[in-house]
Amino acid sequence: MSLPYGKDFRPAWPLTSGHIQTMLSSSGVRRLLLPRAAHAVQEGAEAVMVDGGSGVRLTGAFTAQKARAEARGLAVLFHGWEGSVDSTYVLQTGSRLLAEGWDIFRLNFRDHGDSHALNEALFHSCRLDEVVHALADIAERWPARPMALAGFSLGGNFALRAALHTPRLGIPLSYALAVCPIIDPGEGLFSLEESAPWFYRAYFVRKWRKSLLAKQSAFPQHSYFELTELKQDLRGLTESLVMRHTDFGSLQAYLDGYSVAGDALMAMQIPATILTARDDPVIPVDAFEQLRLPPSVELDIADYGGHCGFIRGRDMTSFTDDYIAARFNAVADAASGR
């Protein structure tokens, strides 16, 4: 079977604009226009709690496939920052993989979805251990094989970092795919502040403040931030998070803590794919072009797609559905000896 590549994505105007792709990717308009099949993964989904280790609890949703006598495998999906298991792109990808015969597990990171009241400590992007622990729990409770992982934006970053650790921990992850992952968090934060249009910063800060207020409401006895801190810009609020709620001594040390830039992925032992777009206005393409990767990691840079968009046309479906399904199915076929 021939695999699709980023070069194959050639949308018509105005979807050749990275900004339009990015703005549509998580818009309410897109959710309304998507075909009903894009929501199929929600039908019959089982809401579950998984073990993040050390008393941490994370939420998720499991949906068993009905398209085949036996599942192709287990697909695990990670949303982006301030997204959830019900983000449009997660539902769309999950529904496509479900139709292809994959069992689906959609994981919420700490403080995402409606999970703010589960764990007292705040989410931050270096909380990788609990996500990896959750993967181990998921693999044990839903043992369909192979197990493949896909993540978007920050979820793509988590997917790549998790995949670096799963072999030595005995977690049977066969493949990881990251769509527009954060590569160099320091460069990404600078880009949002200095280069990207103001409305991207406004969007992320508004969603983060709303999440922090939900956390404060869930634990009123705990003072997470002062009101003056909540009024800061993205960099200032991130620095307050680091100094108040992490053991990192500086903002830069924290950002370096979840970077996968340079040669960080050279230790990858399982096959992986990174898909991004040259016109992504949120994550600069330079960081991808400077990656040093082993032969097992595929880097695919499309000309178009924006940030986690790759929207094909008026039906608002995404090229990434075909892209992910084709690669996941190839992994399943290889595992079965086809």
# chains A, B, ... in the order shown; residues from 1 in each chain; ligands from 1

$ select_by_dssp --residues "segment 147-313 of chain A" --states "strand (DSSP E)" --output "list in words"
Met147, Ala148, Leu149, Ala150, Gly151, Phe152, Leu173, Ser174, Tyr175, Ala176, Leu177, Ala178, Val179, Ala272, Thr273, Ile274, Leu275, Thr276, Ala277, Val297, Glu298, Leu299, Asp300, Ile301 and Ala302 of chain A

$ select_by_dssp --residues "segment 29-110 of chain A" --states "helix (DSSP H, G or I)" --output "number ranges by chain"
A: 29-33, 36-42, 88-99

$ residues_around --residues "Thr59 of chain A" --least-positions-apart "2" --cutoff "9 Å" --atoms "only C-alpha atoms" --output "PyMOL selection string"
chain A and resi 47-51+57+61+106-110+112-115+118

$ write_last_selection --atoms "C-alpha atoms" --output "PDB file, in the first residue's frame"
ATOM      1  CA  ALA A  47     -15.179   6.881  30.488  1.00  0.00           C
ATOM      2  CA  VAL A  48     -12.284   5.519  32.533  1.00  0.00           C
ATOM      3  CA  MET A  49      -9.703   6.495  35.140  1.00  0.00           C
ATOM      4  CA  VAL A  50      -6.122   5.406  34.631  1.00  0.00           C
ATOM      5  CA  ASP A  51      -3.173   5.220  37.007  1.00  0.00           C
ATOM      6  CA  ARG A  57      -5.251   9.852  38.429  1.00  0.00           C
ATOM      7  CA  ALA A  61     -12.166   7.264  27.103  1.00  0.00           C
ATOM      8  CA  ARG A 106      -8.140   8.927  24.206  1.00  0.00           C
ATOM      9  CA  LEU A 107      -6.171  10.240  27.200  1.00  0.00           C
ATOM     10  CA  ASN A 108      -6.683  13.510  29.050  1.00  0.00           C
ATOM     11  CA  PHE A 109      -3.562  15.069  30.510  1.00  0.00           C
ATOM     12  CA  ARG A 110      -3.784  16.328  34.083  1.00  0.00           C
ATOM     13  CA  HIS A 112      -7.531  18.861  30.894  1.00  0.00           C
ATOM     14  CA  GLY A 113     -11.095  18.024  30.050  1.00  0.00           C
ATOM     15  CA  ASP A 114     -13.065  18.028  33.295  1.00  0.00           C
ATOM     16  CA  SER A 115     -10.267  16.581  35.412  1.00  0.00           C
ATOM     17  CA  LEU A 118      -8.570  14.922  40.506  1.00  0.00           C
TER      18      LEU A 118
END

$ closest_residue --among "A:Arg292, A:His222, A:Arg338, A:Arg72" --to "Gly262 of chain A" --atoms "only C-alpha atoms"
A:Arg292

$ residues_around --residues "Gly309 of chain A" --least-positions-apart "6" --cutoff "8 Å" --atoms "only C-alpha atoms" --output "PyMOL selection string"
chain A and resi 21-22+24-25+318

$ residues_around --residues "segment 294-300 of chain A" --least-positions-apart "4" --cutoff "6 Å" --atoms "only C-alpha atoms" --output "JSON, numbers by chain"
{"A": [266, 271, 272, 273, 274, 275]}

$ closest_atom_pairs --of "segment 229-323 of chain A" --to "segment 138-162 of chain A" --cutoff "9 Å" --atoms "only C-alpha atoms" --output "tab-separated table"
residue	atom	partner	partner_atom	distance
A:Tyr258	CA	A:Asn157	CA	7.8
A:Ser259	CA	A:Asn157	CA	8.1
A:Val260	CA	A:Arg161	CA	7.4
A:Leu265	CA	A:Leu160	CA	7.9
A:Met268	CA	A:Leu160	CA	8.5
A:Ala272	CA	A:Leu160	CA	7.9
A:Ile274	CA	A:Gly156	CA	8.4
A:Ile283	CA	A:Ser153	CA	8.7
A:His307	CA	A:Ser153	CA	7.8
A:Cys308	CA	A:Phe152	CA	6.8

$ write_last_selection --atoms "N, CA and C atoms" --output "tab-separated table (two decimals), in the first residue's frame"
chain	number	residue	atom	x	y	z
A	258	TYR	N	11.38	19.91	28.49
A	258	TYR	CA	10.54	19.14	27.58
A	258	TYR	C	10.88	19.38	26.10
A	259	SER	N	12.07	19.86	25.88
A	259	SER	CA	12.56	20.04	24.51
A	259	SER	C	12.94	18.70	23.89
A	260	VAL	N	12.64	18.54	22.60
A	260	VAL	CA	13.13	17.38	21.85
A	260	VAL	C	13.97	17.87	20.67
A	265	LEU	N	16.23	13.12	19.91
A	265	LEU	CA	15.47	11.96	19.43
A	265	LEU	C	16.38	10.88	18.82
A	268	MET	N	15.78	7.27	19.95
A	268	MET	CA	14.51	6.61	19.67
A	268	MET	C	14.74	5.18	19.16
A	272	ALA	N	8.97	6.00	14.31
A	272	ALA	CA	8.18	7.19	14.62
A	272	ALA	C	8.12	8.08	13.39
A	274	ILE	N	7.17	12.27	12.28
A	274	ILE	CA	6.84	13.65	12.63
A	274	ILE	C	6.30	14.32	11.38
A	283	ILE	N	4.46	27.04	15.53
A	283	ILE	CA	5.74	26.36	15.79
A	283	ILE	C	6.64	26.54	14.58
A	307	HIS	N	-1.15	24.99	11.75
A	307	HIS	CA	-0.88	24.26	13.00
A	307	HIS	C	-2.02	23.27	13.25
A	308	CYS	N	-1.72	22.00	13.01
A	308	CYS	CA	-2.68	20.90	13.25
A	308	CYS	C	-3.97	21.08	12.46
